[in-house]
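**Q** Supplied structure: coords23.txt, compact mmCIF, C-alpha atoms.
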```
# COMPACT_ATOMS: atom_id res chain seq x y z
CA MET P 114 110.37 111.26 94.15
CA THR P 115 111.62 112.72 90.92
CA LYS P 116 112.29 116.43 90.76
CA LYS P 117 112.31 117.53 87.16
CA LYS P 118 113.90 120.55 85.55
CA PRO P 119 111.23 123.13 84.68
CA SER P 120 111.36 122.22 80.99
CA GLU P 121 110.89 118.53 81.77
CA GLN P 122 108.13 119.30 84.23
CA ALA P 123 106.26 121.26 81.59
CA LYS P 124 106.71 118.40 79.19
CA MET P 125 105.29 115.97 81.74
CA ASN P 126 102.25 118.12 82.34
CA ASN P 127 101.65 118.31 78.63
CA GLU P 128 101.63 114.56 78.51
CA SER P 129 99.24 114.68 81.47
CA LYS P 130 101.62 112.70 83.63
CA ILE P 131 101.78 113.73 87.24
CA SER P 132 104.94 113.72 89.30
CA ASN P 133 105.23 111.38 92.26
CA LEU P 134 105.67 114.39 94.52
CA VAL P 135 102.19 115.60 93.66
CA LEU P 136 100.67 112.14 93.95
CA ARG P 137 102.10 111.72 97.43
CA ARG P 138 100.20 114.78 98.63
CA TYR P 139 96.77 113.62 97.47
CA PRO P 140 96.08 111.04 100.19
CA ARG P 141 96.54 113.76 102.80
CA TYR P 142 94.16 116.05 100.92
CA LEU P 143 91.65 113.24 100.67
CA HIS P 144 91.90 112.50 104.36
CA PHE P 145 91.29 116.14 105.24
CA LEU P 146 88.39 116.46 102.78
CA ARG P 147 86.67 113.38 104.18
CA GLU P 148 87.05 114.78 107.70
CA GLN P 149 85.52 118.08 106.63
CA LYS P 150 82.66 116.25 104.96
CA LEU P 151 82.00 114.30 108.15
CA LYS P 152 81.82 117.63 109.99
CA GLY P 153 79.05 118.67 107.59
CA GLU P 154 81.11 121.08 105.48
CA GLU P 155 80.20 121.43 101.80
CA ASN P 156 83.00 123.66 100.52
CA VAL P 157 86.62 124.26 101.36
CA SER P 158 89.04 127.01 100.35
CA ALA P 159 92.63 126.47 99.33
CA SER P 160 93.79 128.74 102.15
CA GLU P 161 91.86 126.68 104.70
CA MET P 162 93.48 123.51 103.36
CA SER P 163 96.84 125.24 103.40
CA ARG P 164 96.45 126.14 107.07
CA HIS P 165 95.40 122.68 108.16
CA LEU P 166 97.83 120.69 106.05
CA ASN P 167 100.85 122.94 106.29
CA VAL P 168 101.27 123.03 102.52
CA HIS P 169 101.77 126.39 100.83
CA HIS P 170 98.51 127.73 99.37
CA THR P 171 99.97 128.22 95.89
CA GLN P 172 100.92 124.55 95.93
CA ILE P 173 97.42 123.52 97.06
CA ARG P 174 95.89 125.63 94.29
CA LYS P 175 98.11 124.02 91.68
CA ASP P 176 97.41 120.51 92.93
CA LEU P 177 93.66 121.08 93.06
CA ALA P 178 93.69 122.55 89.55
CA LEU P 179 95.10 119.24 88.29
CA THR P 180 91.95 117.47 89.46
CA GLY P 181 89.89 119.59 87.10
CA VAL P 182 87.56 120.77 89.90
CA LYS P 183 87.16 124.54 89.69
CA GLY P 184 86.83 126.68 92.80
CA VAL P 185 84.28 129.47 93.18
CA PRO P 186 85.62 132.82 94.49
CA LYS P 187 84.69 133.42 98.18
CA VAL P 188 83.10 129.96 98.34
CA GLY P 189 85.92 127.58 97.55
CA HIS P 190 85.87 124.10 96.11
CA ASN P 191 82.99 121.69 96.47
CA ILE P 192 84.18 118.95 98.83
CA ASP P 193 82.23 116.09 97.23
CA SER P 194 83.54 116.97 93.78
CA LEU P 195 87.12 117.11 95.06
CA ILE P 196 86.86 113.76 96.86
CA ASP P 197 85.37 112.23 93.76
CA ALA P 198 88.01 113.67 91.44
CA ILE P 199 90.96 112.69 93.63
CA GLU P 200 89.67 109.16 94.17
CA GLU P 201 89.18 108.83 90.44
CA PHE P 202 92.62 110.24 89.82
CA LEU P 203 94.35 107.83 92.20
CA ASN P 204 92.24 104.95 90.90
CA TRP P 205 90.99 104.43 94.44
CA LYS P 206 87.40 104.11 93.30
CA ASN P 207 87.97 100.75 91.72
CA SER P 208 88.94 98.19 94.28
CA SER P 209 91.85 95.97 93.20
CA ASP P 210 92.48 92.67 94.92
CA ALA P 211 95.92 92.28 96.43
CA PHE P 212 98.02 89.52 97.98
CA LEU P 213 100.10 90.16 101.06
CA VAL P 214 103.15 88.11 101.97
CA GLY P 215 104.36 88.11 105.56
CA ALA P 216 101.64 87.69 108.19
CA GLY P 217 103.74 89.03 111.05
CA HIS P 218 102.84 92.15 113.00
CA MET P 219 103.35 94.55 110.09
CA GLY P 220 101.22 92.38 107.82
CA ARG P 221 98.46 92.02 110.37
CA ALA P 222 98.58 95.72 111.17
CA LEU P 223 98.11 96.52 107.52
CA ILE P 224 95.25 94.03 107.08
CA GLY P 225 93.51 95.59 110.06
CA TYR P 226 94.34 99.21 109.22
CA ARG P 227 91.07 101.06 108.91
CA GLY P 228 92.27 103.56 106.35
CA LEU P 229 93.11 100.94 103.75
CA GLN P 230 89.40 100.39 103.14
CA ASN P 231 89.21 103.87 101.64
CA THR P 232 91.91 103.15 99.09
CA GLY P 233 91.69 101.05 95.97
CA ILE P 234 93.40 98.08 97.56
CA LYS P 235 91.68 95.09 99.06
CA ILE P 236 93.87 92.44 100.64
CA ILE P 237 92.10 89.17 99.95
CA THR P 238 94.73 86.64 100.99
CA ALA P 239 97.87 86.61 103.08
CA PHE P 240 100.75 84.15 102.81
CA ASP P 241 103.48 83.06 105.14
CA ARG P 242 106.10 80.34 105.57
CA ASP P 243 105.58 79.92 109.30
CA PRO P 244 103.42 76.82 110.02
CA GLU P 245 102.08 78.57 113.10
CA LYS P 246 100.64 81.36 110.96
CA ILE P 247 99.34 79.24 108.09
CA GLY P 248 95.66 78.54 108.61
CA LEU P 249 95.04 81.62 110.72
CA GLU P 250 92.47 84.19 109.75
CA VAL P 251 93.27 87.90 110.30
CA ASP P 252 90.25 90.21 110.20
CA GLY P 253 88.59 87.85 107.77
CA VAL P 254 91.68 87.41 105.59
CA PRO P 255 93.01 83.83 105.45
CA VAL P 256 96.73 83.05 105.78
CA TYR P 257 97.91 80.37 103.36
CA SER P 258 101.25 78.68 102.79
CA ILE P 259 103.43 80.70 100.43
CA ASP P 260 103.66 77.62 98.17
CA LYS P 261 100.10 78.33 97.13
CA MET P 262 100.73 81.90 96.03
CA HIS P 263 101.85 81.25 92.46
CA ASN P 264 98.82 79.25 91.33
CA LEU P 265 96.33 81.37 93.22
CA ALA P 266 97.71 84.64 91.86
CA LYS P 267 97.54 83.31 88.31
CA ARG P 268 94.03 81.96 88.77
CA LEU P 269 92.68 85.17 90.33
CA HIS P 270 94.72 87.50 88.08
CA ILE P 271 96.24 89.30 91.05
CA ARG P 272 98.17 92.39 89.97
CA ILE P 273 99.20 93.88 93.33
CA GLY P 274 101.55 92.34 95.86
CA ILE P 275 102.33 93.67 99.32
CA ILE P 276 105.51 92.60 101.08
CA THR P 277 105.49 92.75 104.88
CA ALA P 278 108.12 90.06 105.32
CA PRO P 279 111.61 90.58 106.82
CA ALA P 280 114.14 92.36 104.62
CA SER P 281 116.14 89.15 104.10
CA ALA P 282 113.18 87.45 102.41
CA ALA P 283 111.83 90.40 100.43
CA GLN P 284 113.79 89.97 97.19
CA GLU P 285 112.87 86.31 96.81
CA ILE P 286 109.21 87.02 97.56
CA ALA P 287 109.15 89.89 95.07
CA GLU P 288 110.54 87.62 92.35
CA MET P 289 107.92 84.98 93.13
CA MET P 290 105.22 87.65 92.87
CA VAL P 291 106.45 88.87 89.50
CA GLU P 292 106.60 85.31 88.17
CA ALA P 293 102.99 84.89 89.27
CA GLY P 294 101.87 87.93 87.27
CA VAL P 295 102.08 90.74 89.86
CA ILE P 296 102.95 94.07 88.23
CA ALA P 297 102.84 96.43 91.23
CA ILE P 298 104.58 95.84 94.56
CA TRP P 299 104.10 97.81 97.75
CA ASN P 300 107.17 97.02 99.81
CA PHE P 301 107.24 97.42 103.60
CA ALA P 302 110.47 95.52 104.07
CA PRO P 303 113.34 97.92 104.78
CA THR P 304 115.30 96.91 101.70
CA ARG P 305 115.50 97.85 98.03
CA LEU P 306 114.21 95.37 95.45
CA GLU P 307 115.94 94.61 92.16
CA LEU P 308 113.20 93.84 89.66
CA PRO P 309 112.51 94.20 85.94
CA GLU P 310 111.95 97.84 85.03
CA GLU P 311 108.32 97.35 84.04
CA VAL P 312 107.35 96.32 87.58
CA ILE P 313 105.98 99.21 89.67
CA VAL P 314 107.63 99.22 93.08
CA GLU P 315 106.77 101.61 95.86
CA HIS P 316 108.58 101.56 99.14
CA ALA P 317 106.39 102.31 102.15
CA ASP P 318 108.46 104.96 103.71
CA ILE P 319 107.55 105.31 107.37
CA TYR P 320 110.83 107.02 108.19
CA SER P 321 110.33 110.17 106.16
CA SER P 322 107.95 111.52 108.80
CA LEU P 323 110.36 110.47 111.51
CA ALA P 324 113.11 112.52 109.88
CA VAL P 325 110.98 115.65 110.14
CA LEU P 326 110.09 114.87 113.75
CA SER P 327 113.68 114.22 114.82
CA HIS P 328 115.03 117.32 113.19
CA LYS P 329 112.39 119.58 114.72
CA LEU P 330 112.87 117.96 118.10
CA ALA P 331 116.62 118.56 117.93
CA ASP P 332 115.90 122.24 117.48
CA LYS P 333 113.86 122.25 120.68
CA LEU P 334 116.13 120.31 123.00
CA MET R 233 105.09 119.40 102.68
CA THR R 234 105.53 123.04 101.93
CA LYS R 235 106.61 124.09 98.48
CA LYS R 236 108.09 127.57 98.59
CA LYS R 237 108.49 130.07 95.84
CA PRO R 238 112.17 130.48 94.90
CA SER R 239 112.46 133.74 96.80
CA GLU R 240 110.98 132.23 99.93
CA GLN R 241 113.14 129.14 99.61
CA ALA R 242 116.24 131.30 99.45
CA LYS R 243 115.07 133.13 102.54
CA MET R 244 114.58 129.85 104.36
CA ASN R 245 118.05 128.67 103.48
CA ASN R 246 119.47 131.91 104.73
CA GLU R 247 117.78 131.29 108.03
CA SER R 248 119.27 127.79 107.90
CA LYS R 249 115.87 126.21 108.23
CA ILE R 250 115.31 123.17 106.08
CA SER R 251 111.99 122.41 104.46
CA ASN R 252 110.14 119.25 105.40
CA LEU R 253 110.37 118.13 101.79
CA VAL R 254 114.14 118.00 101.99
CA LEU R 255 114.10 116.31 105.40
CA ARG R 256 111.79 113.60 104.10
CA ARG R 257 114.34 112.63 101.46
CA TYR R 258 117.26 112.12 103.84
CA PRO R 259 116.19 108.76 105.32
CA ARG R 260 116.18 107.29 101.82
CA TYR R 261 119.62 108.72 101.14
CA LEU R 262 120.85 107.31 104.42
CA HIS R 263 119.44 103.89 103.65
CA PHE R 264 121.16 103.84 100.26
CA LEU R 265 124.46 105.09 101.69
CA ARG R 266 124.48 102.40 104.38
CA GLU R 267 123.80 99.76 101.73
CA GLN R 268 126.70 101.02 99.62
CA LYS R 269 128.96 101.01 102.66
CA LEU R 270 128.02 97.40 103.41
CA LYS R 271 129.00 96.56 99.82
CA GLY R 272 132.45 97.97 100.54
CA GLU R 273 132.06 101.22 98.61
CA GLU R 274 133.92 104.29 99.89
CA ASN R 275 132.58 107.02 97.63
CA VAL R 276 129.39 107.75 95.78
CA SER R 277 128.54 110.23 93.04
CA ALA R 278 125.37 112.29 92.89
CA SER R 279 124.51 110.77 89.52
CA GLU R 280 124.81 107.26 90.96
CA MET R 281 122.50 108.22 93.82
CA SER R 282 120.17 109.84 91.32
CA ARG R 283 119.94 106.65 89.28
CA HIS R 284 119.28 104.39 92.25
CA LEU R 285 116.88 106.65 94.11
CA ASN R 286 114.99 108.10 91.18
CA VAL R 287 115.58 111.67 92.37
CA HIS R 288 116.88 114.20 89.87
CA HIS R 289 120.66 114.69 90.13
CA THR R 290 120.38 118.47 90.58
CA GLN R 291 118.11 117.81 93.56
CA ILE R 292 120.55 115.29 95.04
CA ARG R 293 123.43 117.76 94.61
CA LYS R 294 121.45 120.48 96.38
CA ASP R 295 120.43 118.19 99.23
CA LEU R 296 123.96 116.87 99.72
CA ALA R 297 125.35 120.40 99.68
CA LEU R 298 123.15 121.20 102.68
CA THR R 299 124.97 118.54 104.69
CA GLY R 300 128.23 120.47 104.26
CA VAL R 301 130.05 117.44 102.83
CA LYS R 302 131.91 118.44 99.67
CA GLY R 303 132.26 116.10 96.71
CA VAL R 304 135.50 115.58 94.81
CA PRO R 305 135.26 115.76 90.98
CA LYS R 306 135.41 112.29 89.35
CA VAL R 307 135.45 110.66 92.81
CA GLY R 308 132.23 111.75 94.41
CA HIS R 309 131.30 112.12 98.06
CA ASN R 310 132.86 110.14 100.86
CA ILE R 311 130.15 107.75 102.09
CA ASP R 312 131.20 107.73 105.74
CA SER R 313 131.21 111.51 105.86
CA LEU R 314 127.77 111.70 104.30
CA ILE R 315 126.28 109.12 106.66
CA ASP R 316 127.81 110.97 109.57
CA ALA R 317 126.57 114.37 108.42
CA ILE R 318 123.01 113.22 107.67
CA GLU R 319 122.70 111.35 110.96
CA GLU R 320 123.95 114.41 112.75
CA PHE R 321 121.58 116.60 110.81
CA LEU R 322 118.53 114.46 111.60
CA ASN R 323 119.68 114.08 115.20
CA TRP R 324 119.69 110.32 114.69
CA LYS R 325 123.09 109.96 116.36
CA ASN R 326 121.71 110.68 119.79
CA SER R 327 119.26 108.06 120.86
CA SER R 328 116.12 109.47 122.46
CA ASP R 329 113.91 107.27 124.61
CA ALA R 330 110.31 107.10 123.48
CA PHE R 331 107.01 105.75 124.81
CA LEU R 332 104.60 103.93 122.55
CA VAL R 333 100.88 103.69 123.24
CA GLY R 334 98.89 100.94 121.57
CA ALA R 335 100.48 97.48 121.67
CA GLY R 336 98.36 96.08 118.85
CA HIS R 337 99.82 94.85 115.58
CA MET R 338 101.00 98.25 114.42
CA GLY R 339 102.67 98.91 117.76
CA ARG R 340 104.36 95.55 117.83
CA ALA R 341 105.39 95.86 114.19
CA LEU R 342 107.06 99.15 114.99
CA ILE R 343 108.81 97.82 118.10
CA GLY R 344 110.15 94.95 116.04
CA TYR R 345 110.96 96.97 112.92
CA ARG R 346 114.64 96.53 112.24
CA GLY R 347 115.16 99.92 110.65
CA LEU R 348 114.13 101.85 113.75
CA GLN R 349 117.40 100.88 115.43
CA ASN R 350 119.25 103.08 112.96
CA THR R 351 117.23 106.15 113.85
CA GLY R 352 117.43 108.30 116.93
CA ILE R 353 114.40 106.71 118.55
CA LYS R 354 114.46 103.96 121.11
CA ILE R 355 111.12 102.64 122.30
CA ILE R 356 111.67 101.75 125.93
CA THR R 357 108.11 101.09 127.11
CA ALA R 358 104.75 100.36 125.52
CA PHE R 359 101.35 101.03 127.07
CA ASP R 360 97.90 99.66 126.46
CA ARG R 361 94.46 99.51 128.05
CA ASP R 362 93.80 95.89 127.15
CA PRO R 363 94.38 93.63 130.22
CA GLU R 364 95.43 90.86 127.83
CA LYS R 365 98.30 92.96 126.54
CA ILE R 366 99.42 94.49 129.84
CA GLY R 367 102.31 92.50 131.24
CA LEU R 368 103.47 91.20 127.86
CA GLU R 369 106.97 91.80 126.59
CA VAL R 370 107.47 92.59 122.89
CA ASP R 371 111.04 92.19 121.63
CA GLY R 372 112.27 93.10 125.09
CA VAL R 373 109.93 96.07 125.49
CA PRO R 374 107.45 95.72 128.39
CA VAL R 375 103.76 96.60 127.99
CA TYR R 376 102.35 98.48 130.97
CA SER R 377 98.89 99.76 131.81
CA ILE R 378 98.30 103.20 130.34
CA ASP R 379 97.54 104.48 133.85
CA LYS R 380 101.25 104.29 134.54
CA MET R 381 102.28 106.45 131.61
CA HIS R 382 101.99 109.87 133.24
CA ASN R 383 104.24 109.23 136.22
CA LEU R 384 106.75 107.18 134.27
CA ALA R 385 107.07 109.78 131.51
CA LYS R 386 107.65 112.52 134.07
CA ARG R 387 110.15 110.47 136.01
CA LEU R 388 112.14 109.43 132.91
CA HIS R 389 111.77 112.82 131.15
CA ILE R 390 110.30 111.20 128.05
CA ARG R 391 110.01 113.70 125.20
CA ILE R 392 108.77 111.49 122.35
CA GLY R 393 105.45 109.68 122.18
CA ILE R 394 104.37 107.23 119.49
CA ILE R 395 100.67 106.55 118.97
CA THR R 396 99.77 103.21 117.41
CA ALA R 397 96.30 103.07 118.95
CA PRO R 398 93.02 103.17 117.01
CA ALA R 399 91.98 106.54 115.60
CA SER R 400 89.16 106.87 118.13
CA ALA R 401 91.60 106.84 121.06
CA ALA R 402 94.39 108.89 119.51
CA GLN R 403 93.34 112.39 120.59
CA GLU R 404 92.90 111.40 124.25
CA ILE R 405 96.23 109.58 124.29
CA ALA R 406 97.98 112.54 122.67
CA GLU R 407 96.62 114.87 125.35
CA MET R 408 97.77 112.50 128.08
CA MET R 409 101.22 112.46 126.51
CA VAL R 410 101.45 116.23 126.35
CA GLU R 411 100.36 116.53 129.99
CA ALA R 412 103.12 114.11 130.90
CA GLY R 413 105.77 116.27 129.21
CA VAL R 414 105.95 114.80 125.71
CA ILE R 415 106.83 117.47 123.12
CA ALA R 416 107.00 115.37 119.93
CA ILE R 417 104.39 112.88 118.76
CA TRP R 418 104.72 110.38 115.94
CA ASN R 419 101.16 109.48 115.06
CA PHE R 420 100.27 106.23 113.27
CA ALA R 421 96.56 106.52 113.95
CA PRO R 422 94.72 107.58 110.80
CA THR R 423 93.41 110.78 112.34
CA ARG R 424 94.53 114.37 112.81
CA LEU R 425 95.43 115.52 116.32
CA GLU R 426 94.43 118.89 117.77
CA LEU R 427 97.23 119.90 120.10
CA PRO R 428 98.94 123.06 121.36
CA GLU R 429 101.00 124.61 118.60
CA GLU R 430 104.32 124.04 120.35
CA VAL R 431 103.89 120.26 120.20
CA ILE R 432 105.63 118.67 117.20
CA VAL R 433 103.28 116.23 115.51
CA GLU R 434 104.22 114.07 112.55
CA HIS R 435 101.76 111.78 110.91
CA ALA R 436 103.23 108.50 109.68
CA ASP R 437 101.98 108.62 106.17
CA ILE R 438 101.95 105.12 104.73
CA TYR R 439 99.44 106.03 102.06
CA SER R 440 101.57 108.48 100.12
CA SER R 441 103.50 105.61 98.56
CA LEU R 442 100.23 103.80 97.87
CA ALA R 443 98.95 106.82 95.93
CA VAL R 444 101.93 106.62 93.58
CA LEU R 445 101.48 102.88 93.18
CA SER R 446 97.75 103.07 92.45
CA HIS R 447 98.10 105.85 89.93
CA LYS R 448 100.90 104.11 88.03
CA LEU R 449 98.99 100.86 88.09
CA ALA R 450 95.90 102.54 86.66
CA ASP R 451 98.02 103.65 83.71
CA LYS R 452 99.03 100.05 83.05
CA LEU R 453 95.69 98.28 83.33
```
Could you express the structure from this file as structure tokens?
**A**
Amino acid sequence: MTKKKPSEQAKMNNESKISNLVLRRYPRYLHFLREQKLKGEENVSASEMSRHLNVHHTQIRKDLALTGVKGVPKVGHNIDSLIDAIEEFLNWKNSSDAFLVGAGHMGRALIGYRGLQNTGIKIITAFDRDPEKIGLEVDGVPVYSIDKMHNLAKRLHIRIGIITAPASAAQEIAEMMVEAGVIAIWNFAPTRLELPEEVIVEHADIYSSLAVLSHKLADKL
Amino acid sequence: MTKKKPSEQAKMNNESKISNLVLRRYPRYLHFLREQKLKGEENVSASEMSRHLNVHHTQIRKDLALTGVKGVPKVGHNIDSLIDAIEEFLNWKNSSDAFLVGAGHMGRALIGYRGLQNTGIKIITAFDRDPEKIGLEVDGVPVYSIDKMHNLAKRLHIRIGIITAPASAAQEIAEMMVEAGVIAIWNFAPTRLELPEEVIVEHADIYSSLAVLSHKLADKL
């Protein structure tokens, strides 16, 4: 999460680059918009979104403006248009095939996680070192020996790797992925990866929500 | 994540309330500081943290100032003091017992997740409806029938509930938790919970990092 000085921020916007902070909010918007759509709603106002998502309404307005979808006074924003624009923006409309390494509980949880189907990532194969896991099938996704990853990634032009292995194995796995042509890594192992600068690495940060919870709880006890 | 206008932010600081945005950054700081400590480092500068964590140095300086730990020019901040202050701040020094409902892959992944031991949450019992899971033990944590949750939570004064059940069951489980005295819920189910306002609910948001990854990847392809 990079916080820029105002001058830098303006420069980024001019170059139509979006800060990570903004990007991180979009999945929550999308989730809310899809829920509203399921309820039969057609439009949503920024203040309604603000109330439900606990994000300040000026922030919501700014973020929605970036999608290019214009709101109508007293009516709000069209929900379908917003969903469409945000999915487009996050590149979640085009499904990209991904490899996952580490078919333990975290890996299997992720393969089976319902929400992932709504994102642009499709896990097509999992890999592991454990002979007891190799040969299994998890929700339709086969688990192969990690020795097969390199050739398969090259052959299928896999660009996205997901690491759900233990922290001690993560660096080695990440390097294997990069050698096999992976350019974006989603890392669930609780460790930092040292990789060439051109590789996109995002750390799945389940603790950030826990920090908020713990702090609020401490205030109550 | 609430973004305040400068005037509002100042007001919040005066009231010594900390925004969720700031809180969400602290676990990453803590992780980095513990790594540095393991490497034998005693001090760290804000610019070093900025470089490693990809957060602007003015932001780091502001966040560290909130902990009350003062840096020394040309030396930096004492790592032990920072770890201590952040843990204190997040209430991660006092371990709180928690119940987890849903002993599927996500539940088991969380029970086994190494990093959780460094936070203030200790999962002492898991619950499930599935007869095949009831009676299991996951990394030393027993799985009981969900029917036992109410009495056990009351008896042990459990305040924290973790939901790793499917989205369709999450609301019902959350209500059961609240009836049993839980006041803070960490929700991994991909659904929003409708609960009394005084209940603290935090949604484990694994997709925010995916949004950043997908968007950056789209720029590269």
**Q** Set the distance at 7 Å and use all atoms listed in the file: which residues neighbour Val444 of chain R once local chain neighbours fewer than 6 positions away are removed? I'd like the list as a ChimeraX atom specification.
**A** /P:133,136-137
**Q** Report as a tab-separated table the residues of segment 311-396 of chain R within 12 Å of segment 307-323 of chain P, each with its shortest atom pair and distance in Å (one decimal), using only C-alpha atoms, ordered by chain and increasing residue number.
**A**
```
residue	atom	partner	partner_atom	distance
R:Leu322	CA	P:Leu323	CA	9.1
R:Asn323	CA	P:Leu323	CA	10.7
R:Trp324	CA	P:Leu323	CA	9.9
R:Met338	CA	P:Ile319	CA	11.9
R:Ala341	CA	P:Ile319	CA	11.9
R:Leu342	CA	P:Ile319	CA	9.8
R:Tyr345	CA	P:Ile319	CA	10.6
R:Arg346	CA	P:Tyr320	CA	11.9
R:Gly347	CA	P:Tyr320	CA	8.7
R:Leu348	CA	P:Tyr320	CA	8.3
R:Gln349	CA	P:Tyr320	CA	11.5
R:Asn350	CA	P:Tyr320	CA	10.4
R:Thr351	CA	P:Leu323	CA	8.4
R:Gly352	CA	P:Leu323	CA	9.2
R:Ile353	CA	P:Leu323	CA	8.9
R:Ile392	CA	P:Leu323	CA	11.0
R:Gly393	CA	P:Leu323	CA	11.8
R:Ile394	CA	P:Leu323	CA	10.5
```
**Q** First collect every listed atom of segment 202-212 of chain P; then fit an axis-aligned box around them, widen it by 3 Å on each side, and give centre and edge lengths in Å to one decimal, as AutoDock Vina command-line options.
**A**
```
--center_x 92.7 --center_y 99.9 --center_z 93.9 --size_x 16.6 --size_y 26.7 --size_z 14.2
```
**Q** So which one's closest to Val287 of chain R, P:Met289, P:Ser132, P:Pro303, P:Asp197? Using only C-alpha atoms, please.
**A**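 When distances to Val287 of chain R are compared using only C-alpha atoms, the smallest one comes from P:Ser132.
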**Q** Would you list the contacts of segment 237-243 of chain P as a short mmCIF file (atom, residue, chain, number, x, y, z; two decimals) with C-alpha atoms, in the coordinates of the input, taking every protein, DNA or RNA residue within 9 Å and counting all atoms listed in the file, but skipping same-chain residues closer than 5 positions in sequence?
**A**
```cif
data_model
loop_
_atom_site.label_atom_id
_atom_site.label_comp_id
_atom_site.auth_asym_id
_atom_site.auth_seq_id
_atom_site.Cartn_x
_atom_site.Cartn_y
_atom_site.Cartn_z
CA ASP P 210 92.48 92.67 94.92
CA ALA P 211 95.92 92.28 96.43
CA PHE P 212 98.02 89.52 97.98
CA LEU P 213 100.10 90.16 101.06
CA VAL P 214 103.15 88.11 101.97
CA GLY P 215 104.36 88.11 105.56
CA ALA P 216 101.64 87.69 108.19
CA GLY P 217 103.74 89.03 111.05
CA GLY P 220 101.22 92.38 107.82
CA ILE P 224 95.25 94.03 107.08
CA GLU P 250 92.47 84.19 109.75
CA VAL P 251 93.27 87.90 110.30
CA GLY P 253 88.59 87.85 107.77
CA VAL P 254 91.68 87.41 105.59
CA PRO P 255 93.01 83.83 105.45
CA VAL P 256 96.73 83.05 105.78
CA TYR P 257 97.91 80.37 103.36
CA SER P 258 101.25 78.68 102.79
CA ILE P 259 103.43 80.70 100.43
CA ASP P 260 103.66 77.62 98.17
CA LYS P 261 100.10 78.33 97.13
CA MET P 262 100.73 81.90 96.03
CA ALA P 278 108.12 90.06 105.32
#
```
**Q** Between R:Asp312, R:Glu407, R:Asp451, R:Glu274, which one has atoms that come closest to chain P, using all atoms listed in the file?
**A** R:Asp451
**Q** When you look at segment 298-302 of chain R with a cut-off of 9 Å (counting only C-alpha atoms), what residues show up, excluding the ones that are within fewer than 6 positions of it in the same chain? I need them as a list in words.
**A** Ile250, Gly308, His309, Asn310, Ser313, Leu314, Ala317, Ile318 and Phe321 of chain R
**Q** Please compute the atom CA of Pro244 of chain P-atom CA of Ser281 of chain P distance, one decimal, in Å.
**A**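 Atom-to-atom, atom CA of Pro244 of chain P and atom CA of Ser281 of chain P are spaced 18.7 Å apart.
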**Q** Grab the atom CA of Ala406 of chain R to atom CA of Arg164 of chain P distance for me, in Å with one decimal place.
**A**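 Between atom CA of Ala406 of chain R and atom CA of Arg164 of chain P the gap works out to 20.8 Å.
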**Q** Using all atoms listed in the file, list the residues that have an atom at most 10 Å from (110.9, 109.9, 132.7), coordinates as in the file, as an mmCIF file with C-alpha atoms, in the frame of the given file.
**A**
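Contents of result_5.cif, freshly written:
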```cif
data_model
loop_
_atom_site.group_PDB
_atom_site.id
_atom_site.type_symbol
_atom_site.label_atom_id
_atom_site.label_comp_id
_atom_site.auth_asym_id
_atom_site.auth_seq_id
_atom_site.Cartn_x
_atom_site.Cartn_y
_atom_site.Cartn_z
ATOM 1 C CA ASP R 329 113.910 107.270 124.610
ATOM 2 C CA ALA R 330 110.310 107.100 123.480
ATOM 3 C CA PHE R 331 107.010 105.750 124.810
ATOM 4 C CA MET R 381 102.280 106.450 131.610
ATOM 5 C CA HIS R 382 101.990 109.870 133.240
ATOM 6 C CA ASN R 383 104.240 109.230 136.220
ATOM 7 C CA LEU R 384 106.750 107.180 134.270
ATOM 8 C CA ALA R 385 107.070 109.780 131.510
ATOM 9 C CA LYS R 386 107.650 112.520 134.070
ATOM 10 C CA ARG R 387 110.150 110.470 136.010
ATOM 11 C CA LEU R 388 112.140 109.430 132.910
ATOM 12 C CA HIS R 389 111.770 112.820 131.150
ATOM 13 C CA ILE R 390 110.300 111.200 128.050
ATOM 14 C CA ARG R 391 110.010 113.700 125.200
ATOM 15 C CA ALA R 412 103.120 114.110 130.900
ATOM 16 C CA GLY R 413 105.770 116.270 129.210
ATOM 17 C CA VAL R 414 105.950 114.800 125.710
#
```
**Q** So the first atom is atom CA of His447 of chain R and the second is atom CA of Leu285 of chain R; what is the distance between them in Å, to one decimal place?
**A**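 These atoms are spaced 19.3 Å apart.
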